[in-house]
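So this one's entry.csv, CSV, C-alpha atoms and all ligand atoms:
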```csv
chain,number,residue,atom,x,y,z
E,1,MET,CA,-12.8,5.7,-6.9
E,2,ALA,CA,-15.2,8.5,-6.0
E,3,LYS,CA,-15.7,7.0,-2.6
E,4,ILE,CA,-12.0,6.6,-2.0
E,5,LYS,CA,-11.4,10.2,-2.9
E,6,LYS,CA,-14.1,11.3,-0.6
E,7,VAL,CA,-12.8,9.4,2.4
E,8,LEU,CA,-9.3,10.7,1.8
E,9,GLU,CA,-9.9,14.4,1.2
E,10,ASP,CA,-13.5,15.6,1.5
E,11,SER,CA,-14.5,18.2,4.0
E,12,ASP,CA,-17.8,16.3,4.3
E,13,MET,CA,-15.9,13.7,6.3
E,14,ARG,CA,-14.8,16.3,8.9
E,15,PRO,CA,-17.3,15.5,11.6
E,16,LYS,CA,-16.5,11.8,11.4
E,17,TYR,CA,-12.9,11.5,10.4
E,18,GLY,CA,-11.4,15.0,10.8
E,19,TYR,CA,-11.3,16.5,7.3
E,20,GLY,CA,-10.6,13.4,5.2
E,21,LEU,CA,-7.8,11.0,6.1
E,22,LEU,CA,-5.1,13.0,4.2
E,23,ASN,CA,-6.4,16.5,5.0
E,24,ASP,CA,-5.8,17.6,1.5
E,25,GLU,CA,-6.5,17.1,-2.2
E,26,VAL,CA,-5.2,13.6,-3.1
E,27,TYR,CA,-3.6,12.0,-6.2
E,28,HIS,CA,-3.0,8.5,-7.3
E,29,TYR,CA,0.6,7.5,-6.4
E,30,HIS,CA,0.8,3.8,-7.0
E,31,ALA,CA,-1.3,0.7,-7.6
E,32,LYS,CA,-0.3,-2.9,-7.2
E,33,LEU,CA,-1.9,-6.3,-7.7
E,34,VAL,CA,-0.4,-8.8,-5.2
E,35,GLN,CA,-0.9,-12.3,-6.4
E,36,LYS,CA,-0.5,-15.0,-3.9
E,37,ASP,CA,-1.7,-18.1,-5.8
E,38,ALA,CA,-2.5,-21.4,-4.2
E,39,TYR,CA,0.5,-23.1,-2.6
E,40,THR,CA,2.7,-20.1,-3.5
E,41,GLY,CA,3.2,-16.4,-3.0
E,42,GLY,CA,6.2,-15.1,-1.2
E,43,GLY,CA,5.8,-13.7,2.3
E,44,LEU,CA,6.5,-10.0,3.0
E,45,LEU,CA,8.9,-9.0,5.8
E,46,TRP,CA,7.8,-6.6,8.5
E,47,HIS,CA,7.9,-3.1,6.9
E,48,GLN,CA,6.3,0.3,6.7
E,49,ASP,CA,5.5,1.4,3.1
E,50,TYR,CA,6.9,4.8,4.0
E,51,GLY,CA,10.2,2.9,4.7
E,52,TYR,CA,10.4,2.9,0.8
E,53,TRP,CA,8.5,6.0,-0.1
E,54,TYR,CA,10.6,8.2,2.2
E,55,LYS,CA,13.5,7.5,-0.2
E,56,ASN,CA,11.4,8.7,-3.1
E,57,GLY,CA,11.3,12.2,-1.8
E,58,ASN,CA,8.0,12.2,0.0
E,59,LEU,CA,8.9,14.6,2.8
E,60,PHE,CA,5.8,13.8,4.9
E,61,PRO,CA,4.2,10.4,5.7
E,62,ASN,CA,1.0,11.7,4.2
E,63,LEU,CA,0.1,8.7,2.1
E,64,VAL,CA,-2.7,6.2,2.6
E,65,THR,CA,-3.2,2.8,0.9
E,66,VAL,CA,-6.5,1.3,0.2
E,67,PHE,CA,-6.1,-2.5,0.4
E,68,ILE,CA,-9.0,-4.3,-1.5
E,69,ALA,CA,-9.5,-8.0,-1.2
E,70,ILE,CA,-10.2,-9.7,-4.5
E,71,ASP,CA,-10.3,-13.1,-2.8
E,72,LYS,CA,-11.1,-14.0,0.7
E,73,CYS,CA,-8.0,-13.3,2.9
E,74,THR,CA,-7.6,-15.5,5.9
E,75,ALA,CA,-4.9,-16.2,8.5
E,76,ALA,CA,-4.2,-19.5,6.6
E,77,ASN,CA,-3.8,-18.0,3.1
E,78,GLY,CA,-1.6,-15.1,4.0
E,79,ALA,CA,-3.8,-12.2,5.1
E,80,LEU,CA,-2.3,-8.9,6.0
E,81,GLN,CA,-1.0,-8.6,9.6
E,82,ILE,CA,-0.6,-5.2,11.2
E,83,LEU,CA,0.6,-3.8,14.5
E,84,ARG,CA,-2.3,-1.7,15.6
E,85,GLY,CA,-1.4,1.9,16.2
E,86,SER,CA,2.2,1.5,15.1
E,87,HIS,CA,2.0,4.4,12.6
E,88,LYS,CA,2.4,6.6,15.7
E,89,CYS,CA,6.0,5.3,16.1
E,90,GLY,CA,7.0,7.4,13.1
E,91,ARG,CA,9.3,6.0,10.4
E,92,ILE,CA,11.7,3.3,11.7
E,93,GLU,CA,14.9,2.1,10.1
E,94,HIS,CA,14.8,-0.5,7.3
E,95,LEU,CA,17.6,-2.6,6.0
E,96,PRO,CA,17.7,-4.5,2.7
E,97,LYS,CA,17.0,-8.3,3.1
E,98,ALA,CA,16.0,-10.9,0.5
E,99,GLY,CA,15.1,-8.3,-2.1
E,100,GLN,CA,12.9,-6.4,0.3
E,101,HIS,CA,13.5,-3.7,3.0
E,102,GLU,CA,12.9,-5.1,6.5
E,103,ALA,CA,12.1,-2.9,9.5
E,104,ASP,CA,14.5,-3.0,12.4
E,105,VAL,CA,13.7,-6.4,13.9
E,106,ASP,CA,14.7,-5.6,17.5
E,107,ARG,CA,12.6,-2.5,17.4
E,108,ILE,CA,9.6,-4.5,15.9
E,109,GLN,CA,9.9,-6.9,18.9
E,110,GLU,CA,9.6,-4.0,21.3
E,111,ILE,CA,6.8,-2.4,19.4
E,112,GLN,CA,4.9,-5.7,19.4
E,113,LYS,CA,4.8,-5.5,23.2
E,114,GLN,CA,2.8,-2.3,23.0
E,115,CYS,CA,0.9,-2.5,19.6
E,116,LYS,CA,-1.4,-5.5,19.2
E,117,LEU,CA,-0.7,-7.8,16.3
E,118,GLU,CA,-3.9,-8.1,14.3
E,119,THR,CA,-4.5,-10.4,11.4
E,120,VAL,CA,-6.8,-8.6,9.0
E,121,GLU,CA,-9.1,-11.3,7.7
E,122,MET,CA,-11.3,-9.9,4.8
E,123,ASN,CA,-14.0,-11.1,2.5
E,124,ALA,CA,-13.7,-10.5,-1.3
E,125,GLY,CA,-14.6,-6.9,-1.9
E,126,ASP,CA,-13.7,-5.6,1.6
E,127,ALA,CA,-11.4,-2.6,1.7
E,128,LEU,CA,-8.9,-1.6,4.4
E,129,TYR,CA,-7.4,1.9,4.6
E,130,PHE,CA,-4.0,2.0,6.2
E,131,HIS,CA,-1.5,4.8,6.9
E,132,CYS,CA,2.0,4.5,5.3
E,133,ASN,CA,3.7,4.1,8.6
E,134,VAL,CA,1.6,1.2,9.9
E,135,ILE,CA,4.0,-1.7,10.4
E,136,HIS,CA,2.8,-4.7,8.5
E,137,THR,CA,3.8,-8.1,7.1
E,138,SER,CA,2.1,-11.1,5.4
E,139,ALA,CA,2.9,-14.8,5.2
E,140,PRO,CA,3.2,-17.0,2.1
E,141,ASN,CA,0.1,-18.9,1.0
E,142,PRO,CA,0.4,-22.7,1.6
E,143,THR,CA,-3.3,-23.3,1.1
E,144,SER,CA,-5.4,-24.2,-2.0
E,145,ASP,CA,-7.2,-20.9,-1.8
E,146,ARG,CA,-5.8,-18.1,-4.0
E,147,ARG,CA,-5.2,-14.8,-2.2
E,148,TRP,CA,-5.1,-11.8,-4.7
E,149,VAL,CA,-5.4,-8.2,-3.5
E,150,LEU,CA,-5.4,-4.8,-5.1
E,151,LEU,CA,-3.5,-1.9,-3.4
E,152,PHE,CA,-4.2,1.7,-4.4
E,153,THR,CA,-2.0,4.4,-2.8
E,154,TYR,CA,-2.9,8.0,-2.6
E,155,ASN,CA,-0.5,10.9,-1.8
E,156,ALA,CA,-1.5,14.4,-0.6
E,157,LYS,CA,-1.0,17.2,-3.2
E,158,SER,CA,1.0,19.2,-0.6
E,159,ASN,CA,3.4,16.2,-0.3
E,160,ASN,CA,4.5,16.3,-4.0
E,161,PRO,CA,7.7,14.3,-4.0
E,162,VAL,CA,10.9,16.4,-4.2
E,163,TYR,CA,12.6,13.9,-6.4
E,164,GLU,CA,11.3,12.7,-9.7
E,165,HIS,CA,11.2,8.9,-9.5
E,166,HIS,CA,9.2,5.9,-10.8
E,167,HIS,CA,5.9,7.0,-9.1
E,168,PRO,CA,4.1,10.1,-10.4
E,169,GLN,CA,4.4,13.6,-9.2
E,170,PHE,CA,1.1,15.3,-8.4
E,171,THR,CA,-1.4,14.7,-11.2
E,172,PRO,CA,-5.0,15.8,-10.6
E,173,LEU,CA,-7.4,12.9,-10.3
E,174,GLN,CA,-10.2,12.8,-12.8
E,175,LYS,CA,-13.3,11.7,-11.1
E,176,VAL,CA,-15.7,9.5,-13.1
E,177,GLY,CA,-19.1,8.2,-12.4
E,178,ASN,CA,-19.8,4.9,-10.7
E,179,THR,CA,-20.7,3.3,-14.0
E,180,ALA,CA,-17.5,4.1,-15.8
E,181,ILE,CA,-15.9,0.7,-15.3
E,182,LYS,CA,-18.9,-1.0,-16.8
E,183,GLU,CA,-19.0,1.5,-19.7
E,184,CYS,CA,-15.3,1.2,-20.5
E,185,THR,CA,-14.5,-0.5,-23.8
E,186,ASN,CA,-10.8,0.3,-24.1
E,187,TYR,CA,-8.8,-2.4,-22.5
E,188,THR,CA,-5.6,-2.1,-24.6
E,189,ASP,CA,-4.6,1.6,-24.7
E,190,PHE,CA,-2.2,2.2,-21.9
E,191,THR,CA,-1.2,5.8,-23.0
E,192,GLY,CA,-0.1,7.8,-19.9
E,193,LYS,CA,0.2,4.6,-17.8
E,194,ASP,CA,3.5,3.1,-16.7
E,195,PHE,CA,4.3,-0.3,-15.3
E,196,LEU,CA,7.3,-1.3,-13.2
E,197,ASP,CA,9.4,-3.9,-15.0
E,198,PRO,CA,11.3,-5.9,-12.4
E,199,ASP,CA,14.2,-6.4,-14.8
E,200,ILE,CA,14.9,-2.7,-15.3
E,201,ASP,CA,13.3,-0.9,-12.4
E,202,LYS,CA,15.9,0.9,-10.3
E,203,THR,CA,14.4,0.1,-6.9
E,204,VAL,CA,14.1,-3.7,-7.7
E,205,LYS,CA,17.6,-3.8,-9.2
E,206,ALA,CA,19.0,-2.2,-6.1
E,207,HIS,CA,17.2,-4.9,-4.0
E,208,LYS,CA,18.6,-7.6,-6.2
E,209,THR,CA,22.2,-6.6,-5.9
E,210,GLU,CA,21.9,-6.0,-2.1
E,211,SER,CA,20.2,-9.3,-1.4
A,1,LIG,O1,-0.1,-8.3,0.0
A,1,LIG,C1,0.1,-8.0,1.2
A,1,LIG,O2,-0.3,-8.7,2.1
A,1,LIG,C2,0.8,-6.8,1.6
A,1,LIG,C3,1.5,-6.1,0.5
A,1,LIG,C4,2.4,-5.0,0.9
A,1,LIG,O3,2.6,-4.8,2.1
A,1,LIG,C5,3.1,-4.2,0.0
A,1,LIG,O4,3.0,-4.4,-1.2
A,1,LIG,O5,3.8,-3.2,0.4
A,2,FE,FE,3.5,-2.8,2.4
```
Would you mind writing the structure in this file as C-alpha cells?
Ligand SMILES: O=C(O)CCC(=O)C(=O)O
Ligand SMILES: [Fe+2]
Amino acid sequence: MAKIKKVLEDSDMRPKYGYGLLNDEVYHYHAKLVQKDAYTGGGLLWHQDYGYWYKNGNLFPNLVTVFIAIDKCTAANGALQILRGSHKCGRIEHLPKAGQHEADVDRIQEIQKQCKLETVEMNAGDALYFHCNVIHTSAPNPTSDRRWVLLFTYNAKSNNPVYEHHHPQFTPLQKVGNTAIKECTNYTDFTGKDFLDPDIDKTVKAHKTES
C-alpha cells in the first residue's frame, strides 16, 4: 500500500514519472477480486473503466487501477488485453450489453489500427498500473489454471465525485507499515467497509434489466 501511494502521488517520483501518476493526494476508490476459476470465468467486453466511473460523478479521468496477479496470467487463461496508448483517445461511448458496458465496437476497430493490442502476461505477484481510459478486455478461462487477480483503484482527492454513489467520496488513506498485514489479527470486523451485493446494487441491477 505504501508503495502504491508513493507511485501515485509522491513528489519523489517527479523526476521519473512527473509528480506521481495522479499528480495529487490519492484515496482508495474501489477494490475487486476477479475470480476466473479453471474452465470458467466470464470474459469481459472491451471497455474503459472510466466508461463506468464517469457516470458516478468523477468529472476527470484521474483514476488509476493497480492490477495485481494472484495467479499466473497467460494468454491461455484469460490475461488482461489492452490497447497500448488508448487512454489518449479520451472517453469513448459505451452501450449496455450482456450485463456489462461495451465500448463502441466500430470505434474500437479503428483504434486497434493505431494502438497495438498487448496481452499482459504476468507472474503471480506482478502489478500493472493502468489509467482509467485504457481500453481493455479479457477472455474466459478455458484452461485448468486458475486466474485470480486483485484490482485496487485510486482516485485523486481533487476529483472527489460530485454524486454520492456506491464508491466512497474522498477519505484520507491511512498509511501503515509494511508488516501490518502479517500483524493483523482481525479478520472478521468489517466496520466501515462495504461490499457490492449483485442482488441489490443499483449499477448491477441496471445492467440486468438492460441486458
Ligand atoms: O479481470 C480482468 O482481466 C479485467 C477486469 C476489469 O477490467 C474490470 O473489472 O473492470
Ligand atoms: Fe476494467
Could you work out how far atom FE of ligand FE 2 (chain A) lies from CA of His166 in chain E, giving the answer in Å with one decimal? 16.8 Å
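Using all atoms listed in the file for every distance, the candidate list E:Asn155, E:Tyr50, E:Gln81, E:Ile70 yields E:Ile70 as the residue closest to Gly125 in chain E.
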Could you list the protein, DNA and RNA residues that have any atom within 7 Å of ligand FE 2 (chain A), counting all atoms listed in the file, and write them as a PyMOL selection string? chain E and resi 47-49+136
Ligand LIG 1 (chain A) proximity check over E:Ala69, E:Val176, E:Cys89, E:Leu95, using all atoms listed in the file: winner is E:Ala69
Counting all atoms listed in the file, which residues of chain E sit at most 8 Å from some atom of ligand LIG 1 (chain A), and what is each one's closest atom pair with its distance in Å to one decimal, listed by chain and rising residue number, as a Markdown table?
```
| residue | atom | partner | partner_atom | distance |
| --- | --- | --- | --- | --- |
| E:Lys32 | CA | A:LIG1 | O4 | 7.0 |
| E:Val34 | CA | A:LIG1 | O1 | 5.2 |
| E:Gln35 | CA | A:LIG1 | O1 | 7.6 |
| E:Lys36 | CA | A:LIG1 | O1 | 7.8 |
| E:Gly43 | CA | A:LIG1 | O2 | 7.9 |
| E:Leu44 | CA | A:LIG1 | O3 | 6.6 |
| E:His47 | CA | A:LIG1 | O3 | 7.3 |
| E:Gln48 | CA | A:LIG1 | O5 | 7.6 |
| E:Asp49 | CA | A:LIG1 | O5 | 5.6 |
| E:Gly78 | CA | A:LIG1 | O2 | 6.8 |
| E:Ala79 | CA | A:LIG1 | O2 | 5.8 |
| E:Leu80 | CA | A:LIG1 | O2 | 4.4 |
| E:Gln81 | CA | A:LIG1 | O2 | 7.5 |
| E:His136 | CA | A:LIG1 | O3 | 6.4 |
| E:Thr137 | CA | A:LIG1 | O3 | 6.1 |
| E:Ser138 | CA | A:LIG1 | O2 | 4.7 |
| E:Ala139 | CA | A:LIG1 | O2 | 7.6 |
| E:Trp148 | CA | A:LIG1 | O1 | 7.7 |
| E:Val149 | CA | A:LIG1 | O1 | 6.4 |
| E:Leu151 | CA | A:LIG1 | O4 | 7.3 |
```
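Closest approach to Pro172 in chain E from the set E:Phe60, E:Thr74, E:Val66, E:Ala156 is made by E:Ala156, with distances taken over only C-alpha atoms.
Proximity to Gly57 in chain E was assessed for E:Leu196, E:Val162, E:Leu33, E:Ala75 counting all atoms listed in the file; the smallest distance is recorded for E:Val162.
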Just the residues within 10 Å of Thr171 in chain E, please, counting all atoms listed in the file, with nothing from its chain fewer than 6 positions along; format it as JSON, numbers by chain. {"E": [26, 27, 28, 29, 157, 160]}
Given the choices E:Tyr129, E:Tyr163, E:Tyr187, E:Trp53, which gets closest to His30 in chain E if the distance is worked out from all atoms listed in the file? E:Trp53
